[in-house]
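Working notes for the structure below.
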Amino acid sequence: MTCAHPGCRTYICEDGPFCFRHAPDKQVLQKRCIETFLNEEPMVDFSLTGSEFEDLVLPKKEITASNLAWCTFRNIDFSHSTLINTFFDYCLFERCKFNSILSRYSVFSGSKMIDCDFSGSIIIHTNFCGVDTYRCNFNDSDLYFSTFNSSYLRDTTFEDCNLKKADFVHTDQRRVSFRYSNYEEARH
Amino acid sequence: MNIYQHFSVVGFCNTYLVASKTHSEALLIDPGHVDLELINLIESNNYHLKHVLLTHRHVSHIEGLGTLQKIYGVTVHGSSFSSYDFEYESVEDKQVLNLCNLQIEVIHVPGHSLDSMVYKIDHALFTGDTLLCGRIGSTPGYREQALLINSINQRLMNFDENTLIFPGHGTATKIRIERMFNHDLLQLGTIQTEREHWRDEE
């Protein structure tokens, strides 16, 4: 379902006929979303686009089939979370931790990632197409079948990673390290 | 609508289990390989598998059909341009199917193969090998590549930017992402793109 506001085609939030941007009760929606983030129940089929979150530690959260596109995440700890079929496209991630996460069929396309740590994770079938990364770390991760094409990678490390079937075509790389990774098995 | 994605290392094909939220009947798109994990996915959700949609006739997308038909009594739907050695109901461009309480729009997008079909269900496109994440499907020659790019631009790129794309191989994506970052379409196609202004703020 898309937003009832004329001309807006963003998906609606959990409650009501509007997207977050056009919802009359933004603060209530955001508060409810933070509560959902912080409890230990799995987050399934959740939608909230364009919101901002700061200084949260998620408790090994399981997020499935959810839409969190166009959000801003600052200093959020997603460590040990499970992200299945979840959309984080066109987000801003600043100082976020994704250590030891399991990500499958999720989408981070078009996002900007600054000082983010994905190390020790299983990130398979995940879409990073067109991301801009600055000082990010994907070390010791399994990136099987994940796509980074058309991305800008700066001061980012992919050391000791599994890059089989990963896609680095048309990436703009500066100060990027693939040490001890099977870069030759990736598309590039 | 509920969409479950299944991946098998045999053929590296994505298979999608799709069902309406209110009904127990389900359909499968491209059964490339049927294994215990896929059967568990169907059974643990208490779905009654009724239909199979084929995007095109390549082996990696249909190989599991034999096993599937031994277990479930499914009706197979494939392109009218295909010829299979099993019984199937042919579908044509612009046809609308009503299966499992879902309305399915059939879109013919030739190029990767002559019989390539894309299925639009609600806000999701199941593109098979026509449009993948960040690239287009492989083609046997440059004429077919031009045909595929034209077909994608004319038939798929006009959909809403939030339309989800579930390809036959690789990761899920969206129309907006492909408009901005798909190099095959950007280099060779004629679509309008916001990419050139995307990083102006830097």
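Naming works like this for the structure tokens: A, B, ... for the chains as they're shown, residue 1 at the start of each chain, ligands 1 onward in shown order.
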**Request:** Up to 6 Å from chain B, what residues of chain A turn up? Count only C-alpha atoms and give them as a VMD selection string.
**Result:** chain A and resid 105 125 to 127 130 150
Could those residues be written to a file, using N, CA and C atoms, as an mmCIF file, in the first residue's frame?
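Below is the file result30.cif, written as the result:
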data_model
loop_
_atom_site.group_PDB
_atom_site.id
_atom_site.type_symbol
_atom_site.label_atom_id
_atom_site.label_comp_id
_atom_site.auth_asym_id
_atom_site.auth_seq_id
_atom_site.Cartn_x
_atom_site.Cartn_y
_atom_site.Cartn_z
ATOM 1 N N TYR A 105 19.381 -11.706 1.594
ATOM 2 C CA TYR A 105 18.380 -11.096 0.704
ATOM 3 C C TYR A 105 18.029 -9.665 1.130
ATOM 4 N N HIS A 125 23.888 -12.834 -0.406
ATOM 5 C CA HIS A 125 22.770 -12.375 -1.231
ATOM 6 C C HIS A 125 22.281 -10.996 -0.776
ATOM 7 N N THR A 126 23.212 -10.109 -0.511
ATOM 8 C CA THR A 126 22.826 -8.788 -0.004
ATOM 9 C C THR A 126 23.271 -7.719 -1.002
ATOM 10 N N ASN A 127 22.423 -6.746 -1.184
ATOM 11 C CA ASN A 127 22.599 -5.752 -2.234
ATOM 12 C C ASN A 127 23.207 -4.454 -1.676
ATOM 13 N N GLY A 130 25.741 0.632 -5.491
ATOM 14 C CA GLY A 130 25.725 2.099 -5.409
ATOM 15 C C GLY A 130 25.924 2.674 -4.023
ATOM 16 N N SER A 150 28.890 -0.482 -8.892
ATOM 17 C CA SER A 150 28.654 0.970 -8.986
ATOM 18 C C SER A 150 28.810 1.687 -7.642
#
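Backbone DSSP over chain A yields helix (DSSP H, G or I) at Lys26, Gln27, Val28, Leu29, Gln30, Lys31, Arg32, Cys33, Ile34, Glu35, Thr36, Phe37, Leu38, Tyr183, Glu184 and Glu185 of chain A.
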Let's have the selection written as an mmCIF file, in the first residue's frame, with C-alpha atoms.
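Listed below is the output, out.cif:
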data_model
loop_
_atom_site.group_PDB
_atom_site.id
_atom_site.type_symbol
_atom_site.label_atom_id
_atom_site.label_comp_id
_atom_site.auth_asym_id
_atom_site.auth_seq_id
_atom_site.Cartn_x
_atom_site.Cartn_y
_atom_site.Cartn_z
ATOM 1 C CA LYS A 26 5.482 11.286 13.440
ATOM 2 C CA GLN A 27 6.782 11.303 17.005
ATOM 3 C CA VAL A 28 4.381 8.552 18.069
ATOM 4 C CA LEU A 29 5.383 6.439 15.087
ATOM 5 C CA GLN A 30 9.076 6.942 15.749
ATOM 6 C CA LYS A 31 8.684 6.162 19.441
ATOM 7 C CA ARG A 32 6.801 2.973 18.600
ATOM 8 C CA CYS A 33 9.514 2.014 16.119
ATOM 9 C CA ILE A 34 12.253 2.528 18.733
ATOM 10 C CA GLU A 35 10.270 0.369 21.175
ATOM 11 C CA THR A 36 9.984 -2.311 18.482
ATOM 12 C CA PHE A 37 13.741 -2.075 17.864
ATOM 13 C CA LEU A 38 14.559 -2.457 21.534
ATOM 14 C CA TYR A 183 39.031 -11.391 -4.780
ATOM 15 C CA GLU A 184 39.798 -13.409 -7.940
ATOM 16 C CA GLU A 185 36.544 -15.335 -7.440
#
**Asked** If we count only C-alpha atoms, what is near Phe53 of chain A at a cut-off of 7 Å, once residues fewer than 6 positions away on the same chain are taken out, given as a ChimeraX atom specification?
**Response** /A:72-74
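As for atom CA of Asp15 of chain A and atom CA of Gly50 of chain A, they are spaced 15.5 Å apart.
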**Message:** Just want the 9 Å neighbourhood of His108 of chain B, counted on only C-alpha atoms, with same-chain residues fewer than 2 positions away dropped. Output as JSON, numbers by chain.
**Reply:** {"B": [79, 92, 93, 94, 106, 110, 114, 115, 116, 117, 118, 119, 151, 155]}
**Item:** Residues flagged strand (DSSP E or B) by DSSP in segment 5-173 of chain B, as a PyMOL selection string
**Value:** chain B and resi 5-7+14-19+25-29+48-53+75-79+89-91+96-99+102-108+117-121+124-128+131-132+135-136+164-167+173
**Prompt:** So what do you get for atom CA of Phe46 of chain A versus atom CA of Met1 of chain A, distance-wise?
**Reply:** 12.6 Å
**Item:** d(atom CA of Ile101 of chain A, atom CA of Cys13 of chain A) in Å
**Value:**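 Interatomic distance here is 25.4 Å.
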Determine, counting only C-alpha atoms, which protein, DNA and RNA residues have an atom within 7 Å of an atom of Lys112 of chain A; residues of the same chain fewer than 2 positions away are not included. Present the result as a compact mmCIF listing (two decimals) with C-alpha atoms, in the first residue's frame.
# COMPACT_ATOMS: atom_id res chain seq x y z
CA CYS A 91 19.91 5.28 4.23
CA LEU A 92 22.67 7.08 6.05
CA PHE A 93 24.61 4.88 8.47
CA GLY A 110 22.30 3.82 -2.47
CA ILE A 114 30.58 6.24 7.43
CA VAL A 131 26.75 2.48 -1.76
CA ASP A 132 29.30 5.06 -0.64
CA THR A 133 31.52 3.68 2.12
